[in-house]
Amino acid sequence: MISIDTNVLVRYLVNDDKRQSKIARELFEKAVQDNDRIFVNIITLIETIWVLELSYKFKKSELINVIKDLLDYEIIALECEQRIESALSNYTSGKADFSDCLSTELSLHRAHSKLYTFDKKCKEQALFVFLK
């Protein structure tokens, strides 16, 4: 199994730099040929979503599709896949950012505690405790 960082995943997803995107695609193709997998850790996933949203102006619906595609792509091994699936469900139905939803899922899983926050976007979601 190989592991990739944010810039490789972003190049693969957006195909915006000819040279680097080509190398990223070749890396994925080689993994498929070798029957290998590509590991994407939580930090890489969060950074990727952040970059796609802020730098590439992806809409929430597009980000949801990217996350779903990564979950469905057999070659990709996502760290904490079950937490990501739960976070995606909460992100889809609520106003909180994906990173907040994932952070909450990780907190619930490890600390059995809701996530306390000042973030107003999280105010109406039951997984968060909004601090006024």
# chains A, B, ... in the order shown; residues from 1 in each chain; ligands from 1
>>> residues_around(residues="Ile84 in chain A", least_positions_apart="5", cutoff="12 Å", atoms="only C-alpha atoms", output="ChimeraX atom specification")
/A:40-43,45-46,64,67-68,70-72,77-79,89-92,98-106,109
>>> select_by_dssp(residues="range 23-126 of chain A", states="strand (DSSP E)", output="PyMOL selection string")
chain A and resi 38-40+76-78+115-117
>>> write_last_selection(atoms="N, CA and C atoms", output="PDB file, in the first residue's frame")
ATOM      1  N   ILE A  38      -4.221   2.712  -2.282  1.00  0.00           N
ATOM      2  CA  ILE A  38      -3.672   4.029  -1.965  1.00  0.00           C
ATOM      3  C   ILE A  38      -4.306   4.497  -0.666  1.00  0.00           C
ATOM      4  N   PHE A  39      -3.475   4.715   0.339  1.00  0.00           N
ATOM      5  CA  PHE A  39      -3.944   5.142   1.658  1.00  0.00           C
ATOM      6  C   PHE A  39      -4.064   6.661   1.708  1.00  0.00           C
ATOM      7  N   VAL A  40      -5.221   7.125   2.188  1.00  0.00           N
ATOM      8  CA  VAL A  40      -5.459   8.552   2.394  1.00  0.00           C
ATOM      9  C   VAL A  40      -5.813   8.736   3.869  1.00  0.00           C
ATOM     10  N   ILE A  76      -8.825   3.163  -3.104  1.00  0.00           N
ATOM     11  CA  ILE A  76      -8.559   4.093  -2.010  1.00  0.00           C
ATOM     12  C   ILE A  76      -8.860   3.428  -0.673  1.00  0.00           C
ATOM     13  N   ALA A  77      -7.923   3.521   0.245  1.00  0.00           N
ATOM     14  CA  ALA A  77      -8.119   3.081   1.621  1.00  0.00           C
ATOM     15  C   ALA A  77      -8.118   4.335   2.494  1.00  0.00           C
ATOM     16  N   LEU A  78      -9.295   4.707   2.965  1.00  0.00           N
ATOM     17  CA  LEU A  78      -9.416   5.897   3.807  1.00  0.00           C
ATOM     18  C   LEU A  78      -9.256   5.531   5.273  1.00  0.00           C
ATOM     19  N   LEU A 115     -18.914  17.299  20.481  1.00  0.00           N
ATOM     20  CA  LEU A 115     -17.883  18.311  20.265  1.00  0.00           C
ATOM     21  C   LEU A 115     -18.422  19.668  20.699  1.00  0.00           C
ATOM     22  N   TYR A 116     -17.719  20.317  21.604  1.00  0.00           N
ATOM     23  CA  TYR A 116     -18.090  21.652  22.068  1.00  0.00           C
ATOM     24  C   TYR A 116     -17.483  22.678  21.121  1.00  0.00           C
ATOM     25  N   THR A 117     -18.287  23.662  20.723  1.00  0.00           N
ATOM     26  CA  THR A 117     -17.824  24.605  19.709  1.00  0.00           C
ATOM     27  C   THR A 117     -18.487  25.972  19.858  1.00  0.00           C
TER      28      THR A 117
END
>>> select_by_dssp(residues="chain A", states="helix (DSSP H, G or I)", output="PDB file with C-alpha atoms, in the first residue's frame")
ATOM      1  CA  THR A   6      -2.978  16.391  -0.295  1.00  0.00           C
ATOM      2  CA  ASN A   7      -1.249  17.833  -3.344  1.00  0.00           C
ATOM      3  CA  VAL A   8      -1.175  14.444  -5.097  1.00  0.00           C
ATOM      4  CA  LEU A   9      -4.848  13.806  -4.361  1.00  0.00           C
ATOM      5  CA  VAL A  10      -5.862  17.299  -5.464  1.00  0.00           C
ATOM      6  CA  ARG A  11      -3.866  16.981  -8.718  1.00  0.00           C
ATOM      7  CA  TYR A  12      -5.615  13.677  -9.384  1.00  0.00           C
ATOM      8  CA  LEU A  13      -9.073  15.095  -8.644  1.00  0.00           C
ATOM      9  CA  VAL A  14      -8.904  18.455 -10.433  1.00  0.00           C
ATOM     10  CA  LYS A  18      -0.573  18.969 -16.681  1.00  0.00           C
ATOM     11  CA  ARG A  19       2.713  17.565 -15.420  1.00  0.00           C
ATOM     12  CA  GLN A  20       1.711  16.858 -11.818  1.00  0.00           C
ATOM     13  CA  SER A  21      -1.783  15.631 -12.731  1.00  0.00           C
ATOM     14  CA  LYS A  22      -0.258  13.191 -15.219  1.00  0.00           C
ATOM     15  CA  ILE A  23       2.115  11.850 -12.569  1.00  0.00           C
ATOM     16  CA  ALA A  24      -0.769  11.515 -10.067  1.00  0.00           C
ATOM     17  CA  ARG A  25      -2.922   9.656 -12.633  1.00  0.00           C
ATOM     18  CA  GLU A  26      -0.001   7.342 -13.445  1.00  0.00           C
ATOM     19  CA  LEU A  27       0.453   6.626  -9.745  1.00  0.00           C
ATOM     20  CA  PHE A  28      -3.217   5.615  -9.473  1.00  0.00           C
ATOM     21  CA  GLU A  29      -3.017   3.551 -12.674  1.00  0.00           C
ATOM     22  CA  LYS A  30       0.083   1.730 -11.401  1.00  0.00           C
ATOM     23  CA  ALA A  31      -1.677   0.928  -8.140  1.00  0.00           C
ATOM     24  CA  VAL A  32      -4.588  -0.554 -10.103  1.00  0.00           C
ATOM     25  CA  GLN A  33      -2.202  -2.605 -12.288  1.00  0.00           C
ATOM     26  CA  ILE A  42      -7.648  11.908   7.820  1.00  0.00           C
ATOM     27  CA  ILE A  43      -5.420  14.997   7.562  1.00  0.00           C
ATOM     28  CA  THR A  44      -5.009  14.538   3.815  1.00  0.00           C
ATOM     29  CA  LEU A  45      -8.762  14.140   3.370  1.00  0.00           C
ATOM     30  CA  ILE A  46      -9.585  17.241   5.431  1.00  0.00           C
ATOM     31  CA  GLU A  47      -6.934  19.326   3.651  1.00  0.00           C
ATOM     32  CA  THR A  48      -8.201  18.124   0.269  1.00  0.00           C
ATOM     33  CA  ILE A  49     -11.786  19.110   1.034  1.00  0.00           C
ATOM     34  CA  TRP A  50     -10.566  22.468   2.356  1.00  0.00           C
ATOM     35  CA  VAL A  51      -8.482  23.126  -0.779  1.00  0.00           C
ATOM     36  CA  LEU A  52     -11.316  22.111  -3.099  1.00  0.00           C
ATOM     37  CA  GLU A  53     -13.742  24.376  -1.275  1.00  0.00           C
ATOM     38  CA  LEU A  54     -11.561  27.452  -0.808  1.00  0.00           C
ATOM     39  CA  LYS A  60     -21.125  21.573  -0.995  1.00  0.00           C
ATOM     40  CA  SER A  61     -22.842  19.184  -3.423  1.00  0.00           C
ATOM     41  CA  GLU A  62     -19.564  18.751  -5.317  1.00  0.00           C
ATOM     42  CA  LEU A  63     -17.636  18.114  -2.089  1.00  0.00           C
ATOM     43  CA  ILE A  64     -20.206  15.505  -1.073  1.00  0.00           C
ATOM     44  CA  ASN A  65     -19.706  13.771  -4.416  1.00  0.00           C
ATOM     45  CA  VAL A  66     -15.911  13.819  -4.025  1.00  0.00           C
ATOM     46  CA  ILE A  67     -16.149  12.220  -0.578  1.00  0.00           C
ATOM     47  CA  LYS A  68     -18.632   9.622  -1.827  1.00  0.00           C
ATOM     48  CA  ASP A  69     -16.388   8.823  -4.775  1.00  0.00           C
ATOM     49  CA  LEU A  70     -13.369   8.385  -2.502  1.00  0.00           C
ATOM     50  CA  LEU A  71     -15.388   6.090  -0.243  1.00  0.00           C
ATOM     51  CA  ASP A  72     -16.562   4.040  -3.227  1.00  0.00           C
ATOM     52  CA  GLU A  81     -13.708   4.985   6.857  1.00  0.00           C
ATOM     53  CA  GLN A  82     -16.721   4.371   9.121  1.00  0.00           C
ATOM     54  CA  ARG A  83     -16.222   7.743  10.832  1.00  0.00           C
ATOM     55  CA  ILE A  84     -15.976   9.407   7.411  1.00  0.00           C
ATOM     56  CA  GLU A  85     -19.231   7.774   6.301  1.00  0.00           C
ATOM     57  CA  SER A  86     -20.998   9.020   9.436  1.00  0.00           C
ATOM     58  CA  ALA A  87     -19.484  12.472   9.057  1.00  0.00           C
ATOM     59  CA  LEU A  88     -20.594  12.597   5.445  1.00  0.00           C
ATOM     60  CA  SER A  89     -24.156  11.787   6.472  1.00  0.00           C
ATOM     61  CA  ASN A  90     -24.135  14.616   9.031  1.00  0.00           C
ATOM     62  CA  TYR A  91     -22.440  17.010   6.611  1.00  0.00           C
ATOM     63  CA  THR A  92     -25.036  16.245   3.937  1.00  0.00           C
ATOM     64  CA  SER A  93     -27.963  16.951   6.251  1.00  0.00           C
ATOM     65  CA  PHE A  98     -17.190  18.533   6.750  1.00  0.00           C
ATOM     66  CA  SER A  99     -14.144  18.977   9.005  1.00  0.00           C
ATOM     67  CA  ASP A 100     -16.425  19.791  11.960  1.00  0.00           C
ATOM     68  CA  CYS A 101     -18.597  16.767  11.236  1.00  0.00           C
ATOM     69  CA  LEU A 102     -15.570  14.496  11.007  1.00  0.00           C
ATOM     70  CA  SER A 103     -14.025  15.959  14.138  1.00  0.00           C
ATOM     71  CA  THR A 104     -17.269  15.246  15.980  1.00  0.00           C
ATOM     72  CA  GLU A 105     -17.412  11.672  14.715  1.00  0.00           C
ATOM     73  CA  LEU A 106     -13.848  11.086  15.874  1.00  0.00           C
ATOM     74  CA  SER A 107     -14.661  12.623  19.266  1.00  0.00           C
ATOM     75  CA  LEU A 108     -17.778  10.495  19.676  1.00  0.00           C
ATOM     76  CA  HIS A 109     -15.832   7.395  18.728  1.00  0.00           C
ATOM     77  CA  ARG A 110     -12.794   8.003  20.954  1.00  0.00           C
ATOM     78  CA  ALA A 111     -14.047  10.150  23.833  1.00  0.00           C
ATOM     79  CA  LYS A 120     -22.526  29.015  14.739  1.00  0.00           C
ATOM     80  CA  LYS A 121     -22.880  26.691  11.739  1.00  0.00           C
ATOM     81  CA  CYS A 122     -22.927  23.791  14.202  1.00  0.00           C
TER      82      CYS A 122
END
